[in-house]
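Visitor: Quick one: structure below, then a few questions.
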Amino acid sequence: MKNCTEEAAHETAALLSTYLQERVSPHPLLGRALPDAAVYATGSAAFGTWDEQSPLNVRLLLPDDEHLTVASALQEAHLWDPARDFRVRLLDREPFRRFPGVEISLLSGSQLAREFQFELPVAVWVHQHAIVLQDPAGMLETALRAGTEAFDARLDNLRCEHYYRFRQARSDLLPRIMPRRQTTLMAIKRGEAIREALRLAFLAEGKPYPYDKWLEVMAERETRFGAGIVTAVRALVSARELQTVERAGKVLRDRVAFALQQGGVSEKWLEQWWLWPSIAPIPPG
C-alpha cells in the first residue's frame with residue numbers, strides 16, 4: 001500500500017469492510033466465495049485520486065476452480081454474460097457512502113498471473129498500491145512477490161525498450177513536409193512520446209508505472225524528476241508551431257535523459273539508443 005495516507009488507507013479499508021458486510025456477504029453466490037477470497041481495493045480510492053464520480057473498485061481473487069464455480073453460477077443466474085464481457089464483473093449501481101457505485105471484479109489466480117505476464121509494470125504498480133483487506137491463502141502476496149521479482153529482472157530491458165520508443169516517437173515529431181494526411185500521424189507520435197516520457201520517469205528510478213490515466217499525477221507525486229518531465233510534457237502538448245514543438249521536444253528529451261542518467265544509465269548508451277535491441281540490456285558505463 002503506497003501513496004495513500006495512513007488515515008485515508010484506513011478509511012478505505014473500513015469502507016471496503018462495511019461494503020462486504022452489508023452487500024457481499026448476504027449475496028447468495030458471492031457470499032459463499034468470500035471466506036477463501038483475497039479481497040482488495042484498487043482504483044482511485046486506493047491510489048489517493050478519488051473524486052465524486054469515482055466508484056469503489058473491489059477485487060475478489062479466487063483459486064481457479066472456485067472462480068470457475070462462482071462464474072458459472074453467476075452466468076446461470078443471468079448476472080454475468082461472458083458474450084458481453086469475458087471479465088467477471090458486477091456493477092452495483094446503488095450509491096454506497098460517498099461512492100456513486102461499486103465495481104466488483106472476480107479474478108482467478110491464472111487471470112492474475114496473466115496480468116503480470118502481459119502488463120508487468122502496470123500490474124506491479126496497481127497491486128503495490130492496492131488496499132488489501134484479506135488474503136487468507138496468500139495468493140495475492142505470492143503473485144505480487146513473483147511479479148516484483150520479474151520486474152526487477154527485466155528493468156534494464158524495460159528502460160532500453162521504452163527509451164527507444166520515446167526517442168523514435170520524438171524523432172518523428174517534425175517531418176520536413178507536413179501533408180494533411182500526416183496530421184493524425186503526428187498526433188499519434190506526440191502522444192507516444194509523451195506516454196513513454198512519463199513511463200520513463202518511473203523506470204529511471206527502478207519503479208513500475210501505472211495506467212496511462214494516472215501517469216501524470218503519479219509521476220509528480222512518486223518520482224524525483226517527474227515534476228520536471230510533466231512540465232515539459234505540458235509544454236509539448238500545448239505547442240502548435242513547428243519551432244515550438246521542436247524546442248519542447250528537445251527539453252523533454254533532455255529531462256528524460258537526465259532522469260535516466262541519475263538512475264544509473266550510462267550517457268554512452270543514451271547516445272546509442274537507436275541500436276536497441278541489439279545492445280540490450282544496458283551495458284555497464
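FYI, nothing fancy with the C-alpha cells labels: chains A, B, ... in order, residues from 1 per chain, ligands from 1 as they appear.
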Would you kindly return, as a PDB file with all heavy atoms, in the first residue's frame, each protein, DNA or RNA residue with an atom no farther than 8 Å from any atom of A:Leu158, considering only C-alpha atoms and excluding same-chain residues fewer than 4 positions away?

Guide:
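The new file out_27.pdb reads:
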ATOM      1  N   ARG A 154      13.721  -7.580 -15.269  1.00  0.00           N
ATOM      2  CA  ARG A 154      13.536  -7.025 -16.617  1.00  0.00           C
ATOM      3  C   ARG A 154      13.787  -5.525 -16.691  1.00  0.00           C
ATOM      4  O   ARG A 154      13.634  -4.934 -17.765  1.00  0.00           O
ATOM      5  CB  ARG A 154      12.111  -7.314 -17.096  1.00  0.00           C
ATOM      6  CG  ARG A 154      11.851  -8.779 -17.447  1.00  0.00           C
ATOM      7  CD  ARG A 154      10.437  -8.979 -17.924  1.00  0.00           C
ATOM      8  NE  ARG A 154      10.073  -8.062 -19.013  1.00  0.00           N
ATOM      9  CZ  ARG A 154       8.837  -7.923 -19.490  1.00  0.00           C
ATOM     10  NH1 ARG A 154       7.846  -8.610 -18.960  1.00  0.00           N
ATOM     11  NH2 ARG A 154       8.589  -7.082 -20.481  1.00  0.00           N
ATOM     12  N   HIS A 162      11.634   1.285 -23.616  1.00  0.00           N
ATOM     13  CA  HIS A 162      10.814   2.484 -23.546  1.00  0.00           C
ATOM     14  C   HIS A 162      11.594   3.730 -23.966  1.00  0.00           C
ATOM     15  O   HIS A 162      11.002   4.657 -24.539  1.00  0.00           O
ATOM     16  CB  HIS A 162      10.233   2.642 -22.138  1.00  0.00           C
ATOM     17  CG  HIS A 162       9.156   1.644 -21.845  1.00  0.00           C
ATOM     18  ND1 HIS A 162       7.872   1.779 -22.327  1.00  0.00           N
ATOM     19  CD2 HIS A 162       9.172   0.482 -21.145  1.00  0.00           C
ATOM     20  CE1 HIS A 162       7.141   0.751 -21.925  1.00  0.00           C
ATOM     21  NE2 HIS A 162       7.909  -0.054 -21.212  1.00  0.00           N
ATOM     22  N   LEU A 203      10.613   4.346 -14.534  1.00  0.00           N
ATOM     23  CA  LEU A 203      11.647   3.349 -14.821  1.00  0.00           C
ATOM     24  C   LEU A 203      13.036   3.859 -14.493  1.00  0.00           C
ATOM     25  O   LEU A 203      13.913   3.075 -14.097  1.00  0.00           O
ATOM     26  CB  LEU A 203      11.561   2.922 -16.287  1.00  0.00           C
ATOM     27  CG  LEU A 203      10.281   2.175 -16.695  1.00  0.00           C
ATOM     28  CD1 LEU A 203      10.257   1.957 -18.199  1.00  0.00           C
ATOM     29  CD2 LEU A 203      10.176   0.841 -15.963  1.00  0.00           C
TER      30      LEU A 203
END

Visitor: At a cut-off of 7 Å, using only C-alpha atoms, what residues contact A:Ala130? Leave out same-chain residues fewer than 3 positions from it and give the result as a ChimeraX atom specification.

Guide: /A:1,40-42,46,126-127

Visitor: Grab the residues selected above and save them as a PDB file, in the first residue's frame with N, CA, C and O atoms.

Guide:
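The new file again.pdb reads:
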ATOM      1  N   MET A   1       0.848  -1.175   0.000  1.00  0.00           N
ATOM      2  CA  MET A   1       0.000   0.000   0.000  1.00  0.00           C
ATOM      3  C   MET A   1       0.892   1.236   0.000  1.00  0.00           C
ATOM      4  O   MET A   1       1.628   1.479   0.934  1.00  0.00           O
ATOM      5  N   TYR A  40      -9.422  -6.957  -2.051  1.00  0.00           N
ATOM      6  CA  TYR A  40      -8.651  -5.719  -2.005  1.00  0.00           C
ATOM      7  C   TYR A  40      -9.303  -4.657  -2.885  1.00  0.00           C
ATOM      8  O   TYR A  40     -10.075  -4.960  -3.793  1.00  0.00           O
ATOM      9  N   ALA A  41      -8.967  -3.396  -2.584  1.00  0.00           N
ATOM     10  CA  ALA A  41      -9.471  -2.257  -3.348  1.00  0.00           C
ATOM     11  C   ALA A  41      -8.361  -1.714  -4.229  1.00  0.00           C
ATOM     12  O   ALA A  41      -7.202  -1.632  -3.815  1.00  0.00           O
ATOM     13  N   THR A  42      -8.722  -1.389  -5.448  1.00  0.00           N
ATOM     14  CA  THR A  42      -7.801  -0.706  -6.361  1.00  0.00           C
ATOM     15  C   THR A  42      -8.486   0.576  -6.815  1.00  0.00           C
ATOM     16  O   THR A  42      -9.463   1.017  -6.224  1.00  0.00           O
ATOM     17  N   ALA A  46      -8.015   3.734  -3.696  1.00  0.00           N
ATOM     18  CA  ALA A  46      -6.778   3.174  -3.154  1.00  0.00           C
ATOM     19  C   ALA A  46      -5.567   4.021  -3.496  1.00  0.00           C
ATOM     20  O   ALA A  46      -4.586   4.041  -2.742  1.00  0.00           O
ATOM     21  N   VAL A 126      -0.135  -1.373  -9.705  1.00  0.00           N
ATOM     22  CA  VAL A 126      -1.513  -1.421  -9.200  1.00  0.00           C
ATOM     23  C   VAL A 126      -1.587  -2.220  -7.909  1.00  0.00           C
ATOM     24  O   VAL A 126      -2.217  -1.796  -6.927  1.00  0.00           O
ATOM     25  N   HIS A 127      -0.923  -3.369  -7.876  1.00  0.00           N
ATOM     26  CA  HIS A 127      -1.042  -4.228  -6.693  1.00  0.00           C
ATOM     27  C   HIS A 127      -0.146  -3.790  -5.549  1.00  0.00           C
ATOM     28  O   HIS A 127      -0.429  -4.094  -4.392  1.00  0.00           O
TER      29      HIS A 127
END

Visitor: Give one line per residue of stretch 63-150 of chain A that approaches stretch 28-34 of chain A to at most 8 Å, naming the two atoms of the closest pair and their distance in Å to one decimal, counting only C-alpha atoms; sort by chain then ascending residue number and deliver it as a tab-separated table.

Guide:
residue	atom	partner	partner_atom	distance
A:Glu66	CA	A:Ala33	CA	7.5
A:Val70	CA	A:Leu29	CA	6.8
A:Ala73	CA	A:Leu29	CA	7.1
A:Leu74	CA	A:Leu29	CA	7.3

Visitor: Can you list, as an mmCIF file with C-alpha atoms, in the first residue's frame, every protein, DNA or RNA residue that comes within 10 Å of A:Thr231 when you count only C-alpha atoms, leaving out same-chain residues fewer than 4 positions away?

Guide:
data_model
loop_
_atom_site.group_PDB
_atom_site.id
_atom_site.type_symbol
_atom_site.label_atom_id
_atom_site.label_comp_id
_atom_site.auth_asym_id
_atom_site.auth_seq_id
_atom_site.Cartn_x
_atom_site.Cartn_y
_atom_site.Cartn_z
ATOM 1 C CA GLU A 216 0.926 12.405 -14.997
ATOM 2 C CA GLU A 220 4.776 14.207 -9.980
ATOM 3 C CA GLY A 226 8.628 13.612 -12.571
ATOM 4 C CA ALA A 227 7.645 17.239 -11.950
ATOM 5 C CA ALA A 235 4.691 22.367 -22.972
ATOM 6 C CA LEU A 236 4.766 19.787 -25.761
ATOM 7 C CA VAL A 237 1.008 19.245 -25.506
ATOM 8 C CA ALA A 248 9.555 21.483 -26.355
ATOM 9 C CA VAL A 251 13.562 19.953 -23.462
ATOM 10 C CA LEU A 252 11.557 16.779 -22.827
ATOM 11 C CA ARG A 255 14.892 15.869 -18.919
#

Visitor: Write out as a ChimeraX atom specification the residues lying within 10 Å of A:Arg159, counting only C-alpha atoms and excluding same-chain residues fewer than 4 positions away.

Guide: /A:154-155,163-165,199-200,202-204,206,260,265,280-282

Visitor: Those selected residues, please, written with all heavy atoms and delivered as a compact mmCIF listing (two decimals), in the first residue's frame.

Guide:
# COMPACT_ATOMS: atom_id res chain seq x y z
N ARG A 154 13.72 -7.58 -15.27
CA ARG A 154 13.54 -7.03 -16.62
C ARG A 154 13.79 -5.53 -16.69
O ARG A 154 13.63 -4.93 -17.76
CB ARG A 154 12.11 -7.31 -17.10
CG ARG A 154 11.85 -8.78 -17.45
CD ARG A 154 10.44 -8.98 -17.92
NE ARG A 154 10.07 -8.06 -19.01
CZ ARG A 154 8.84 -7.92 -19.49
NH1 ARG A 154 7.85 -8.61 -18.96
NH2 ARG A 154 8.59 -7.08 -20.48
N LEU A 155 14.16 -4.91 -15.58
CA LEU A 155 14.24 -3.46 -15.53
C LEU A 155 15.16 -2.88 -16.61
O LEU A 155 14.80 -1.91 -17.30
CB LEU A 155 14.70 -3.00 -14.15
CG LEU A 155 14.87 -1.49 -13.97
CD1 LEU A 155 13.56 -0.76 -14.24
CD2 LEU A 155 15.38 -1.18 -12.56
N TYR A 163 12.88 3.77 -23.71
CA TYR A 163 13.65 4.91 -24.19
C TYR A 163 13.76 4.88 -25.70
O TYR A 163 13.68 5.91 -26.36
CB TYR A 163 15.05 4.93 -23.56
CG TYR A 163 15.80 6.21 -23.85
CD1 TYR A 163 15.39 7.42 -23.30
CD2 TYR A 163 16.91 6.23 -24.69
CE1 TYR A 163 16.05 8.60 -23.57
CE2 TYR A 163 17.59 7.41 -24.96
CZ TYR A 163 17.15 8.59 -24.41
OH TYR A 163 17.81 9.76 -24.68
N TYR A 164 13.93 3.70 -26.26
CA TYR A 164 13.94 3.56 -27.72
C TYR A 164 12.63 4.06 -28.32
O TYR A 164 12.62 4.83 -29.29
CB TYR A 164 14.17 2.10 -28.09
CG TYR A 164 14.10 1.80 -29.57
CD1 TYR A 164 15.21 1.98 -30.39
CD2 TYR A 164 12.92 1.33 -30.14
CE1 TYR A 164 15.14 1.70 -31.76
CE2 TYR A 164 12.83 1.06 -31.50
CZ TYR A 164 13.95 1.25 -32.31
OH TYR A 164 13.88 0.99 -33.64
N ARG A 165 11.52 3.65 -27.74
CA ARG A 165 10.22 4.08 -28.24
C ARG A 165 10.05 5.60 -28.10
O ARG A 165 9.51 6.26 -28.99
CB ARG A 165 9.10 3.37 -27.48
CG ARG A 165 8.98 1.88 -27.79
CD ARG A 165 7.87 1.27 -26.98
NE ARG A 165 7.69 -0.15 -27.28
CZ ARG A 165 6.81 -0.93 -26.65
NH1 ARG A 165 6.03 -0.42 -25.71
NH2 ARG A 165 6.70 -2.20 -26.98
N ARG A 199 6.35 7.30 -18.51
CA ARG A 199 6.73 5.97 -18.01
C ARG A 199 8.19 5.93 -17.59
O ARG A 199 8.55 5.32 -16.58
CB ARG A 199 6.47 4.93 -19.11
CG ARG A 199 5.01 4.62 -19.35
CD ARG A 199 4.83 3.66 -20.52
NE ARG A 199 3.46 3.17 -20.62
CZ ARG A 199 3.03 2.35 -21.57
NH1 ARG A 199 3.88 1.94 -22.51
NH2 ARG A 199 1.78 1.94 -21.59
N LEU A 200 9.03 6.60 -18.35
CA LEU A 200 10.46 6.61 -18.06
C LEU A 200 10.78 7.35 -16.77
O LEU A 200 11.82 7.09 -16.14
CB LEU A 200 11.25 7.19 -19.23
CG LEU A 200 11.37 6.25 -20.43
CD1 LEU A 200 11.78 7.02 -21.67
CD2 LEU A 200 12.39 5.13 -20.14
N PHE A 202 9.32 6.85 -14.08
CA PHE A 202 9.29 5.76 -13.09
C PHE A 202 10.45 4.79 -13.30
O PHE A 202 11.16 4.44 -12.36
CB PHE A 202 7.96 5.01 -13.19
CG PHE A 202 6.76 5.80 -12.78
CD1 PHE A 202 6.08 6.60 -13.70
CD2 PHE A 202 6.29 5.77 -11.48
CE1 PHE A 202 4.98 7.34 -13.33
CE2 PHE A 202 5.18 6.51 -11.09
CZ PHE A 202 4.53 7.30 -12.03
N LEU A 203 10.61 4.35 -14.53
CA LEU A 203 11.65 3.35 -14.82
C LEU A 203 13.04 3.86 -14.49
O LEU A 203 13.91 3.08 -14.10
CB LEU A 203 11.56 2.92 -16.29
CG LEU A 203 10.28 2.18 -16.69
CD1 LEU A 203 10.26 1.96 -18.20
CD2 LEU A 203 10.18 0.84 -15.96
N ALA A 204 13.26 5.16 -14.64
CA ALA A 204 14.57 5.72 -14.32
C ALA A 204 14.95 5.47 -12.88
O ALA A 204 16.13 5.33 -12.54
CB ALA A 204 14.56 7.23 -14.60
N GLY A 206 13.82 2.83 -11.17
CA GLY A 206 13.62 1.42 -10.87
C GLY A 206 12.23 1.09 -10.36
O GLY A 206 12.03 0.09 -9.67
N LEU A 260 17.25 9.35 -16.43
CA LEU A 260 17.84 8.03 -16.63
C LEU A 260 19.30 8.00 -16.18
O LEU A 260 19.75 7.03 -15.57
CB LEU A 260 17.73 7.63 -18.10
CG LEU A 260 16.32 7.22 -18.56
CD1 LEU A 260 16.25 7.16 -20.08
CD2 LEU A 260 15.92 5.88 -17.96
N VAL A 265 21.85 4.92 -15.80
CA VAL A 265 22.02 4.60 -17.21
C VAL A 265 23.19 5.44 -17.76
O VAL A 265 23.25 6.64 -17.54
CB VAL A 265 20.74 4.90 -18.00
CG1 VAL A 265 20.93 4.58 -19.48
CG2 VAL A 265 19.57 4.08 -17.44
N ALA A 280 20.77 -4.38 -25.96
CA ALA A 280 20.09 -4.61 -24.68
C ALA A 280 20.59 -5.91 -24.06
O ALA A 280 20.93 -6.85 -24.77
CB ALA A 280 18.60 -4.68 -24.91
N PRO A 281 20.65 -5.99 -22.73
CA PRO A 281 20.38 -4.92 -21.76
C PRO A 281 21.47 -3.87 -21.72
O PRO A 281 22.51 -4.03 -22.37
CB PRO A 281 20.28 -5.67 -20.44
CG PRO A 281 21.20 -6.83 -20.61
CD PRO A 281 21.06 -7.24 -22.06
N ILE A 282 21.22 -2.81 -20.96
CA ILE A 282 22.11 -1.69 -20.90
C ILE A 282 23.50 -2.14 -20.44
O ILE A 282 23.65 -2.78 -19.39
CB ILE A 282 21.57 -0.63 -19.93
CG1 ILE A 282 20.23 -0.12 -20.43
CG2 ILE A 282 22.55 0.53 -19.79
CD1 ILE A 282 19.51 0.77 -19.45

Visitor: Give me, as a compact mmCIF listing (two decimals) with N, CA and C atoms, in the first residue's frame, all polymer residues having an atom no more than 8 Å from A:Arg93, counting only C-alpha atoms and skipping those fewer than 3 positions away in the same chain.

Guide:
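To be explicit, this is the file written out as selection_1.txt:
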# COMPACT_ATOMS: atom_id res chain seq x y z
N PRO A 100 -20.50 6.68 -5.90
CA PRO A 100 -21.72 6.61 -6.72
C PRO A 100 -22.11 5.17 -7.08
N GLY A 101 -21.23 4.25 -6.86
CA GLY A 101 -21.47 2.85 -7.15
C GLY A 101 -20.23 2.04 -6.85
N VAL A 102 -20.33 0.75 -7.08
CA VAL A 102 -19.21 -0.16 -6.79
C VAL A 102 -19.05 -1.11 -7.97

Visitor: Show me, as a ChimeraX atom specification, the residues that have an atom within 12 Å of A:Gly191 when counting only C-alpha atoms, minus same-chain residues fewer than 2 positions from it.

Guide: /A:165-166,169-170,172-173,184-189,193-198,212,233-234,236-237,249

Visitor: Go through stretch 82-252 of chain A and collect every residue that DSSP, computed from the backbone, puts in strand (DSSP E); the answer should be as a list in words.

Guide: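 Assigned to strand (DSSP E), within stretch 82-252 of chain A: Val88, Arg89, Leu90, Leu91, Asp92, Val102, Glu103, Ile104, Ser105, Leu106, Leu107, Ser108, Ile131, Val132, Leu133 and Gln134 of chain A.
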
Visitor: Output as number ranges by chain all residues of stretch 83-283 of chain A that backbone DSSP marks as helix (DSSP H, G or I).

Guide: A: 109-118, 120-128, 139-171, 180-203, 212-222, 226-238, 242-262, 267-271, 273-275

Visitor: A:Leu60: which residues within 8 Å, counting only C-alpha atoms, same-chain residues fewer than 6 positions away excluded, as a PyMOL selection string?

Guide: chain A and resi 34+37-40+104-107

Visitor: The selected residues should be written to file as a PDB file, in the first residue's frame (atoms: N, CA, C and O atoms).

Guide:
ATOM      1  N   LEU A  34     -16.604 -15.624  -0.396  1.00  0.00           N
ATOM      2  CA  LEU A  34     -15.862 -14.586   0.309  1.00  0.00           C
ATOM      3  C   LEU A  34     -14.802 -15.103   1.281  1.00  0.00           C
ATOM      4  O   LEU A  34     -13.684 -14.555   1.322  1.00  0.00           O
ATOM      5  N   ALA A  37     -11.484 -15.871  -0.497  1.00  0.00           N
ATOM      6  CA  ALA A  37     -11.009 -14.897  -1.484  1.00  0.00           C
ATOM      7  C   ALA A  37     -10.029 -13.903  -0.863  1.00  0.00           C
ATOM      8  O   ALA A  37     -10.167 -13.505   0.297  1.00  0.00           O
ATOM      9  N   ALA A  38      -9.038 -13.512  -1.659  1.00  0.00           N
ATOM     10  CA  ALA A  38      -8.255 -12.323  -1.330  1.00  0.00           C
ATOM     11  C   ALA A  38      -9.096 -11.130  -1.763  1.00  0.00           C
ATOM     12  O   ALA A  38      -9.585 -11.084  -2.893  1.00  0.00           O
ATOM     13  N   VAL A  39      -9.304 -10.193  -0.856  1.00  0.00           N
ATOM     14  CA  VAL A  39     -10.181  -9.056  -1.122  1.00  0.00           C
ATOM     15  C   VAL A  39      -9.358  -7.775  -1.013  1.00  0.00           C
ATOM     16  O   VAL A  39      -8.693  -7.550   0.000  1.00  0.00           O
ATOM     17  N   TYR A  40      -9.422  -6.957  -2.051  1.00  0.00           N
ATOM     18  CA  TYR A  40      -8.651  -5.719  -2.005  1.00  0.00           C
ATOM     19  C   TYR A  40      -9.303  -4.657  -2.885  1.00  0.00           C
ATOM     20  O   TYR A  40     -10.075  -4.960  -3.793  1.00  0.00           O
ATOM     21  N   ILE A 104     -17.325  -4.652  -8.852  1.00  0.00           N
ATOM     22  CA  ILE A 104     -16.725  -5.855  -8.273  1.00  0.00           C
ATOM     23  C   ILE A 104     -16.152  -6.704  -9.397  1.00  0.00           C
ATOM     24  O   ILE A 104     -16.866  -7.080 -10.332  1.00  0.00           O
ATOM     25  N   SER A 105     -14.876  -7.001  -9.308  1.00  0.00           N
ATOM     26  CA  SER A 105     -14.210  -7.853 -10.298  1.00  0.00           C
ATOM     27  C   SER A 105     -13.783  -9.141  -9.623  1.00  0.00           C
ATOM     28  O   SER A 105     -13.160  -9.115  -8.548  1.00  0.00           O
ATOM     29  N   LEU A 106     -14.123 -10.267 -10.247  1.00  0.00           N
ATOM     30  CA  LEU A 106     -13.699 -11.568  -9.741  1.00  0.00           C
ATOM     31  C   LEU A 106     -12.591 -12.098 -10.632  1.00  0.00           C
ATOM     32  O   LEU A 106     -12.768 -12.230 -11.847  1.00  0.00           O
ATOM     33  N   LEU A 107     -11.437 -12.379 -10.047  1.00  0.00           N
ATOM     34  CA  LEU A 107     -10.288 -12.886 -10.797  1.00  0.00           C
ATOM     35  C   LEU A 107      -9.889 -14.252 -10.273  1.00  0.00           C
ATOM     36  O   LEU A 107      -9.984 -14.533  -9.073  1.00  0.00           O
TER      37      LEU A 107
END

Visitor: Of the residues A:Ala83, A:Leu91, A:Leu61, A:Ala150, which is the one nearest to A:Pro136, using only C-alpha atoms?

Guide: A:Leu61

Visitor: Would you mind reading off the distance between atom CA of A:Gln75 and atom CA of A:Ser17, one decimal, in Å?

Guide: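 One can read the atom CA of A:Gln75 to atom CA of A:Ser17 distance as 25.9 Å.
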
Visitor: From the options A:Thr12, A:Thr69, A:Gln111, A:Gln21, which residue's atoms come nearest to A:Leu56, counting only C-alpha atoms?

Guide: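 Ranking A:Thr12, A:Thr69, A:Gln111, A:Gln21 by distance to A:Leu56, first place goes to A:Thr12.
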
Visitor: Rounded to one decimal, what separation in Å do you get between atom CA of A:Thr223 and atom CA of A:Glu205?

Guide: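 Here the two named atoms are 7.3 Å from each other.
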